[in-house]
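One file, work-v9.txt, is given below (compact mmCIF, C-alpha atoms and all ligand atoms).
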```txt
# COMPACT_ATOMS: atom_id res chain seq x y z
CA MET C 1 -12.75 9.45 21.19
CA ARG C 2 -13.17 13.04 22.42
CA ASP C 3 -16.03 15.14 21.02
CA PHE C 4 -14.98 17.68 18.40
CA SER C 5 -16.49 20.34 16.18
CA TYR C 6 -16.69 19.72 12.45
CA LEU C 7 -16.01 22.46 9.94
CA ARG C 8 -16.06 22.05 6.16
CA ALA C 9 -13.62 24.30 4.29
CA ASP C 10 -14.48 25.08 0.68
CA SER C 11 -11.33 27.03 -0.17
CA VAL C 12 -7.63 26.91 0.64
CA GLU C 13 -7.92 30.27 2.37
CA ALA C 14 -10.78 29.09 4.58
CA ALA C 15 -8.83 25.95 5.42
CA ARG C 16 -5.75 27.98 6.36
CA ASN C 17 -7.74 30.30 8.61
CA ALA C 18 -9.45 27.38 10.33
CA ALA C 19 -6.20 25.42 10.64
CA ALA C 20 -4.73 28.27 12.69
CA LEU C 21 -7.35 27.73 15.44
CA PRO C 22 -6.04 26.01 18.60
CA GLY C 23 -6.58 22.24 18.49
CA ALA C 24 -7.60 22.25 14.80
CA MET C 25 -6.72 19.29 12.58
CA LEU C 26 -7.24 18.83 8.86
CA LEU C 27 -9.21 15.89 7.48
CA ALA C 28 -8.52 14.70 3.93
CA GLY C 29 -9.15 10.97 3.28
CA GLY C 30 -9.40 10.30 7.02
CA THR C 31 -7.53 6.97 6.91
CA THR C 32 -4.91 8.11 9.42
CA LEU C 33 -6.71 10.78 11.40
CA ILE C 34 -9.67 8.59 12.36
CA ASP C 35 -7.33 5.79 13.51
CA LEU C 36 -5.30 8.22 15.64
CA ALA C 37 -8.45 9.71 17.15
CA LYS C 38 -9.82 6.26 17.99
CA CYS C 39 -6.66 5.22 19.83
CA GLY C 40 -6.53 8.52 21.73
CA VAL C 41 -3.40 9.93 20.09
CA ALA C 42 -5.17 12.68 18.13
CA GLU C 43 -7.63 14.74 20.14
CA PRO C 44 -8.71 17.52 17.78
CA ALA C 45 -10.93 20.28 19.13
CA THR C 46 -12.02 21.04 15.55
CA VAL C 47 -11.79 18.82 12.50
CA ILE C 48 -11.52 20.81 9.28
CA ASP C 49 -12.71 18.81 6.30
CA ILE C 50 -10.63 19.87 3.29
CA SER C 51 -11.74 17.01 1.04
CA HIS C 52 -14.20 19.21 -0.92
CA ILE C 53 -11.78 21.97 -1.90
CA GLU C 54 -11.93 22.20 -5.68
CA GLY C 55 -8.77 21.96 -7.77
CA LEU C 56 -6.54 20.43 -5.09
CA ASN C 57 -6.79 16.96 -6.64
CA ALA C 58 -5.25 17.91 -10.00
CA ILE C 59 -2.46 15.74 -11.43
CA ASP C 60 -0.41 17.65 -14.00
CA VAL C 61 2.56 15.71 -15.38
CA THR C 62 4.96 16.36 -18.25
CA ALA C 63 8.49 15.10 -18.92
CA ASP C 64 9.76 18.31 -17.25
CA ARG C 65 7.88 18.13 -13.98
CA ALA C 66 4.97 16.72 -12.05
CA VAL C 67 2.64 18.88 -9.98
CA ILE C 68 0.36 16.72 -7.89
CA GLY C 69 -2.41 18.29 -5.82
CA ALA C 70 -2.54 17.44 -2.12
CA LEU C 71 -6.03 15.95 -2.48
CA ALA C 72 -5.15 13.63 -5.37
CA LYS C 73 -5.90 10.07 -4.32
CA MET C 74 -2.98 7.66 -3.98
CA SER C 75 -4.60 5.24 -6.45
CA HIS C 76 -5.18 7.94 -9.09
CA VAL C 77 -1.56 9.10 -8.94
CA ALA C 78 -0.22 5.52 -8.97
CA ASP C 79 -2.32 4.71 -12.04
CA ASN C 80 -1.64 7.94 -13.97
CA ALA C 81 -0.02 7.05 -17.32
CA GLU C 82 2.31 10.08 -17.29
CA VAL C 83 3.44 9.38 -13.72
CA LYS C 84 4.16 5.77 -14.69
CA SER C 85 6.12 6.89 -17.71
CA HIS C 86 8.14 9.82 -16.28
CA PHE C 87 8.29 8.89 -12.56
CA PRO C 88 7.93 5.09 -12.30
CA ALA C 89 9.39 4.94 -8.77
CA VAL C 90 6.63 7.28 -7.58
CA SER C 91 3.92 5.09 -9.09
CA GLU C 92 5.51 1.93 -7.70
CA ALA C 93 5.92 3.40 -4.19
CA LEU C 94 2.21 4.24 -4.16
CA TRP C 95 1.11 0.87 -5.56
CA GLN C 96 3.06 -0.91 -2.85
CA ALA C 97 1.54 1.17 -0.05
CA ALA C 98 -1.41 0.12 2.11
CA SER C 99 -4.36 -1.67 0.40
CA ALA C 100 -6.58 -0.93 -2.62
CA GLN C 101 -9.38 0.40 -0.40
CA LEU C 102 -7.02 2.69 1.50
CA ARG C 103 -5.35 3.98 -1.68
CA ASN C 104 -8.77 4.88 -3.06
CA MET C 105 -9.53 7.02 0.01
CA ALA C 106 -6.12 8.34 1.00
CA THR C 107 -4.60 11.52 -0.39
CA ILE C 108 -1.06 12.57 -1.25
CA GLY C 109 -1.01 15.32 1.42
CA GLY C 110 -2.31 12.95 4.08
CA ASN C 111 0.22 10.34 3.04
CA LEU C 112 3.13 12.70 3.67
CA MET C 113 1.61 13.77 6.99
CA GLN C 114 1.03 10.25 8.37
CA ARG C 115 2.57 9.58 11.78
CA THR C 116 4.88 6.84 12.94
CA ARG C 117 3.56 3.30 13.38
CA CYS C 118 5.55 2.84 16.64
CA PRO C 119 3.12 0.62 18.63
CA TYR C 120 3.94 2.40 21.90
CA PHE C 121 3.03 5.75 20.33
CA ARG C 122 -0.37 4.33 19.32
CA ASP C 123 -1.21 2.89 22.76
CA PRO C 124 -1.36 5.80 25.21
CA GLN C 125 -3.40 3.86 27.79
CA ASN C 126 -0.77 1.16 28.29
CA PHE C 127 2.37 3.15 27.45
CA PRO C 128 2.17 6.70 28.83
CA ALA C 129 5.89 7.32 28.18
CA CYS C 130 6.32 8.60 24.63
CA ASN C 131 8.24 11.77 23.85
CA LYS C 132 6.51 12.05 20.49
CA ARG C 133 3.08 12.20 22.14
CA GLU C 134 4.08 13.88 25.38
CA PRO C 135 7.44 15.69 25.25
CA GLY C 136 9.60 14.86 28.26
CA SER C 137 7.65 11.71 29.21
CA GLY C 138 10.36 9.28 28.04
CA CYS C 139 10.39 6.55 25.40
CA SER C 140 8.71 3.18 26.00
CA ALA C 141 10.40 1.67 22.95
CA ILE C 142 13.95 2.09 24.25
CA GLY C 143 14.48 -1.12 26.18
CA GLY C 144 11.26 -2.56 24.74
CA VAL C 145 10.45 -4.55 21.61
CA THR C 146 12.12 -2.67 18.75
CA ARG C 147 11.93 -4.93 15.70
CA GLY C 148 10.12 -2.25 13.69
CA HIS C 149 12.18 0.68 14.90
CA ALA C 150 14.92 2.70 13.26
CA VAL C 151 18.60 1.83 12.96
CA LEU C 152 19.59 5.23 11.53
CA GLY C 153 18.51 8.75 12.42
CA THR C 154 17.52 7.92 15.99
CA SER C 155 18.00 10.10 19.05
CA GLU C 156 18.02 9.61 22.81
CA ALA C 157 14.42 10.87 22.79
CA CYS C 158 12.91 8.67 20.07
CA ILE C 159 13.83 5.71 17.85
CA ALA C 160 10.68 5.63 15.70
CA THR C 161 10.66 5.40 11.91
CA TYR C 162 8.62 7.36 9.39
CA PRO C 163 6.44 4.69 7.74
CA GLY C 164 5.42 6.21 4.37
CA ASP C 165 6.57 4.91 0.97
CA LEU C 166 5.92 7.89 -1.30
CA ALA C 167 8.27 10.27 0.53
CA ILE C 168 11.23 7.95 -0.14
CA ALA C 169 10.76 8.37 -3.91
CA LEU C 170 10.14 12.12 -3.53
CA VAL C 171 13.40 12.63 -1.65
CA ALA C 172 15.36 10.65 -4.27
CA PHE C 173 14.15 12.94 -7.07
CA ASP C 174 14.42 16.33 -5.32
CA ALA C 175 10.69 16.94 -4.94
CA GLU C 176 9.28 19.93 -3.08
CA VAL C 177 6.27 20.35 -0.82
CA ASP C 178 4.15 23.38 -1.65
CA LEU C 179 2.74 24.95 1.51
CA GLY C 180 1.29 27.97 -0.28
CA GLU C 181 3.41 30.72 1.29
CA ARG C 182 6.58 28.66 1.06
CA LYS C 183 8.03 25.60 -0.64
CA LEU C 184 10.32 23.11 1.05
CA LYS C 185 12.48 20.29 -0.24
CA VAL C 186 10.75 17.08 0.86
CA GLU C 187 13.93 16.03 2.68
CA ASP C 188 13.75 19.24 4.75
CA PHE C 189 10.02 18.87 5.36
CA PHE C 190 10.61 15.67 7.37
CA LEU C 191 12.33 16.21 10.72
CA ALA C 192 14.57 13.65 12.43
CA PRO C 193 13.52 13.16 16.08
CA GLY C 194 16.52 14.88 17.73
CA ALA C 195 15.42 16.44 21.02
CA THR C 196 11.98 17.39 19.61
CA ALA C 197 10.45 14.05 18.72
CA GLU C 198 6.95 15.56 18.80
CA ARG C 199 7.70 17.48 15.57
CA GLU C 200 7.74 15.16 12.57
CA HIS C 201 7.12 17.72 9.84
CA ASP C 202 8.15 21.32 9.24
CA ILE C 203 4.60 22.63 9.03
CA ARG C 204 3.22 25.55 11.04
CA PRO C 205 -0.25 26.25 12.43
CA GLY C 206 -2.38 27.66 9.62
CA GLU C 207 -0.40 25.93 6.87
CA LEU C 208 -1.53 23.10 4.65
CA ILE C 209 0.09 21.19 1.84
CA THR C 210 -1.43 22.27 -1.46
CA ALA C 211 0.74 20.22 -3.84
CA ILE C 212 3.99 18.40 -4.38
CA GLU C 213 6.29 19.21 -7.30
CA ILE C 214 8.81 16.79 -8.76
CA PRO C 215 11.34 17.97 -11.35
CA GLY C 216 11.63 15.67 -14.33
CA SER C 217 15.01 14.01 -14.91
CA ALA C 218 16.55 11.12 -16.77
CA ALA C 219 17.13 9.37 -13.43
CA ALA C 220 13.46 9.76 -12.45
CA ARG C 221 12.40 8.29 -15.82
CA ARG C 222 14.62 5.23 -15.29
CA SER C 223 13.68 4.55 -11.69
CA THR C 224 12.16 1.90 -9.48
CA TYR C 225 11.03 1.42 -5.88
CA LEU C 226 12.02 -1.61 -3.81
CA LYS C 227 10.12 -2.41 -0.63
CA VAL C 228 11.14 -5.20 1.74
CA ARG C 229 8.40 -6.23 4.16
CA ASP C 230 7.04 -9.15 6.16
CA ARG C 231 4.40 -9.97 3.53
CA GLN C 232 3.97 -8.89 -0.07
CA SER C 233 0.81 -6.85 0.41
CA TYR C 234 -0.80 -4.53 2.96
CA GLU C 235 2.32 -4.13 5.07
CA PHE C 236 4.67 -1.29 5.96
CA ALA C 237 8.29 -1.44 4.83
CA ALA C 238 10.99 -3.01 6.98
CA ALA C 239 13.33 -1.20 4.58
CA SER C 240 12.83 0.42 1.20
CA ALA C 241 14.70 2.31 -1.49
CA ALA C 242 13.86 4.45 -4.50
CA VAL C 243 16.58 4.19 -7.11
CA GLY C 244 17.10 6.09 -10.37
CA LEU C 245 19.83 5.90 -12.97
CA GLU C 246 20.95 8.09 -15.85
CA LEU C 247 23.34 6.53 -18.35
CA GLU C 248 25.72 8.09 -20.89
CA GLY C 249 25.07 7.54 -24.60
CA ASP C 250 27.15 4.34 -24.51
CA GLY C 251 24.43 2.77 -22.34
CA ARG C 252 27.05 1.51 -19.84
CA THR C 253 28.54 4.51 -18.07
CA ILE C 254 26.57 6.00 -15.19
CA ARG C 255 26.11 9.78 -15.38
CA ASP C 256 23.78 10.20 -12.40
CA ILE C 257 22.51 7.78 -9.78
CA ARG C 258 20.01 8.43 -6.98
C1 LIG E 1 -3.83 -0.42 7.67
C2 LIG E 1 -3.00 0.65 7.03
C3 LIG E 1 -1.90 0.30 6.26
C4 LIG E 1 -1.13 1.31 5.65
N1 LIG E 1 -0.02 0.96 4.91
C5 LIG E 1 0.74 1.94 4.35
C6 LIG E 1 1.90 1.63 3.60
O1 LIG E 1 2.26 0.46 3.40
N2 LIG E 1 2.62 2.66 3.06
C7 LIG E 1 2.24 3.97 3.22
O2 LIG E 1 2.91 4.87 2.69
N3 LIG E 1 1.16 4.29 3.94
C8 LIG E 1 0.41 3.31 4.50
N4 LIG E 1 -0.68 3.64 5.26
C9 LIG E 1 -0.95 5.05 5.53
C10 LIG E 1 -1.89 5.64 4.51
O3 LIG E 1 -1.20 5.78 3.29
C11 LIG E 1 -2.31 6.98 5.10
O4 LIG E 1 -3.27 6.67 6.11
C12 LIG E 1 -2.93 7.90 4.09
O5 LIG E 1 -2.06 8.18 3.04
C13 LIG E 1 -3.34 9.20 4.77
O6 LIG E 1 -4.02 10.00 3.85
P1 LIG E 1 -5.45 10.59 4.19
O7 LIG E 1 -5.85 11.46 3.07
O8 LIG E 1 -6.41 9.51 4.56
O9 LIG E 1 -5.07 11.45 5.48
P2 LIG E 1 -5.94 11.91 6.72
O10 LIG E 1 -6.17 10.76 7.63
O11 LIG E 1 -7.12 12.69 6.30
O12 LIG E 1 -4.91 12.91 7.38
C14 LIG E 1 -3.69 12.42 7.90
C15 LIG E 1 -2.94 13.56 8.57
O13 LIG E 1 -2.53 14.49 7.59
C16 LIG E 1 -3.06 15.78 7.84
N5 LIG E 1 -3.36 16.32 6.51
C17 LIG E 1 -4.14 15.75 5.56
N6 LIG E 1 -4.09 16.48 4.43
C18 LIG E 1 -3.26 17.52 4.67
C19 LIG E 1 -2.79 18.62 3.89
N7 LIG E 1 -3.17 18.81 2.62
N8 LIG E 1 -1.93 19.50 4.47
C20 LIG E 1 -1.53 19.33 5.74
N9 LIG E 1 -1.95 18.32 6.53
C21 LIG E 1 -2.79 17.42 5.99
C22 LIG E 1 -4.25 15.55 8.74
O14 LIG E 1 -4.51 16.65 9.57
C23 LIG E 1 -3.79 14.35 9.55
O15 LIG E 1 -2.96 14.76 10.59
C24 LIG E 1 -1.49 2.67 5.83
C25 LIG E 1 -2.62 3.01 6.58
C26 LIG E 1 -3.37 2.03 7.17
C27 LIG E 1 -4.58 2.43 7.98
S1 LIG E 2 10.16 5.45 19.72
FE1 LIG E 2 9.36 7.55 19.62
S2 LIG E 2 7.20 7.22 19.11
FE2 LIG E 2 7.94 5.27 19.93
S3 LIG E 2 7.59 5.31 22.17
FE3 LIG E 2 9.64 6.13 21.81
S4 LIG E 2 9.31 8.35 21.71
FE4 LIG E 2 7.33 7.39 21.36
```

Take the structure from the file and write it as structure tokens.
Amino acid sequence: MRDFSYLRADSVEAARNAAALPGAMLLAGGTTLIDLAKCGVAEPATVIDISHIEGLNAIDVTADRAVIGALAKMSHVADNAEVKSHFPAVSEALWQAASAQLRNMATIGGNLMQRTRCPYFRDPQNFPACNKREPGSGCSAIGGVTRGHAVLGTSEACIATYPGDLAIALVAFDAEVDLGERKLKVEDFFLAPGATAEREHDIRPGELITAIEIPGSAAARRSTYLKVRDRQSYEFAAASAAVGLELEGDGRTIRDIR
């Protein structure tokens, strides 16, 4: 792991200013960043600890909408009674992610920002070709072992999947990512590899996620999350779906399905 400077930000503004520095990376729960630094994928010049910023862990949920702070822990959101009641698929997606220890450390912002689990991406010593790590270097997965890779949304540059569970439910229910100066639909925040596999998220230097917002709806209230994986716990999805349904008054006719 390369040496880096450590900077603790106590406000969103301080974090934004520091995040604009060359080679700066934000640290929230650390469950992804530390892994990526250890395997040589992330080489931050400065690590900006945002975990102490007050107010960013708020969870504010009504039937009309949920506003979840970027520093809210996955386990707190999953266990929130209002989230369970108005957005069950969101709670279920979080419960089925990672392990209890990780969910207690990991944050909602960090969860959205996690990187692909492509094993070639995470092994720079043995697999130098990876367009996501090093644009133009090629793709070690194409022609390699691809059991965990994508079948849809691939490109000639990259066939990796996005591994997170929460984002699937957020896309289904039209959630937005709040970046402070601008808000983006979650589905627009995530970028398909195309010719620029190195860009996985539409986030700019100096920006950070402050919250996610999910509009309430009848479909979100009657929703569930299905995750198919090699084992029932502590495993990424082979495939997953968030599904929500709104019925007419007769209880049989579908008005809206996600
Ligand atoms: C063994 C293992 C199994 C896992 N299984 C699953 C799983 O089944 N499903 C699943 O969904 N996830 C899974 N994960 C991923 C886990 O959910 C993420 O590691 C976690 O959510 C990241 O959150 P964090 O707060 O620890 O992020 P950090 O590690 O602190 O940060 C991760 C990245 O996000 C950036 N970042 C953090 N906060 C912000 C912010 N507010 N704005 C902008 N950028 C930010 C950081 O700079 C960094 O690049 C697993 C992880 C591990 C290690
Ligand atoms: S699939 Fe994408 S992340 Fe994996 S080796 Fe190829 S370019 Fe890199």

Could the centre and edge lengths of an axis-aligned box, enclosing all atoms of ligand LIG 2 (chain E) in the file with 5 Å extra on each side, be given in Å to one decimal as lines of an AutoDock Vina configuration file?
```
center_x = 8.7
center_y = 6.8
center_z = 20.6
size_x = 13.0
size_y = 13.1
size_z = 13.1
```

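For the set C:Asp165, C:Asp256, C:Glu207, C:Glu156, the residue with the smallest atom-to-atom gap to ligand LIG 2 (chain E) is C:Glu156, counting only C-alpha atoms and all ligand atoms.
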
May I have the residues within 8 Å of Pro135 in chain C as a VMD selection string, using only C-alpha atoms and disregarding those fewer than 4 positions away in the same chain?
chain C and resid 130 to 131 196 to 198

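The smallest atom-to-atom distance between Arg103 in chain C and any of C:Tyr234, C:Ser140, C:Asp188, C:Lys84, using all atoms listed in the file, is found for C:Tyr234.
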
So what do you get for CA of Arg8 in chain C versus CA of Asp49 in chain C, distance-wise?
4.7 Å
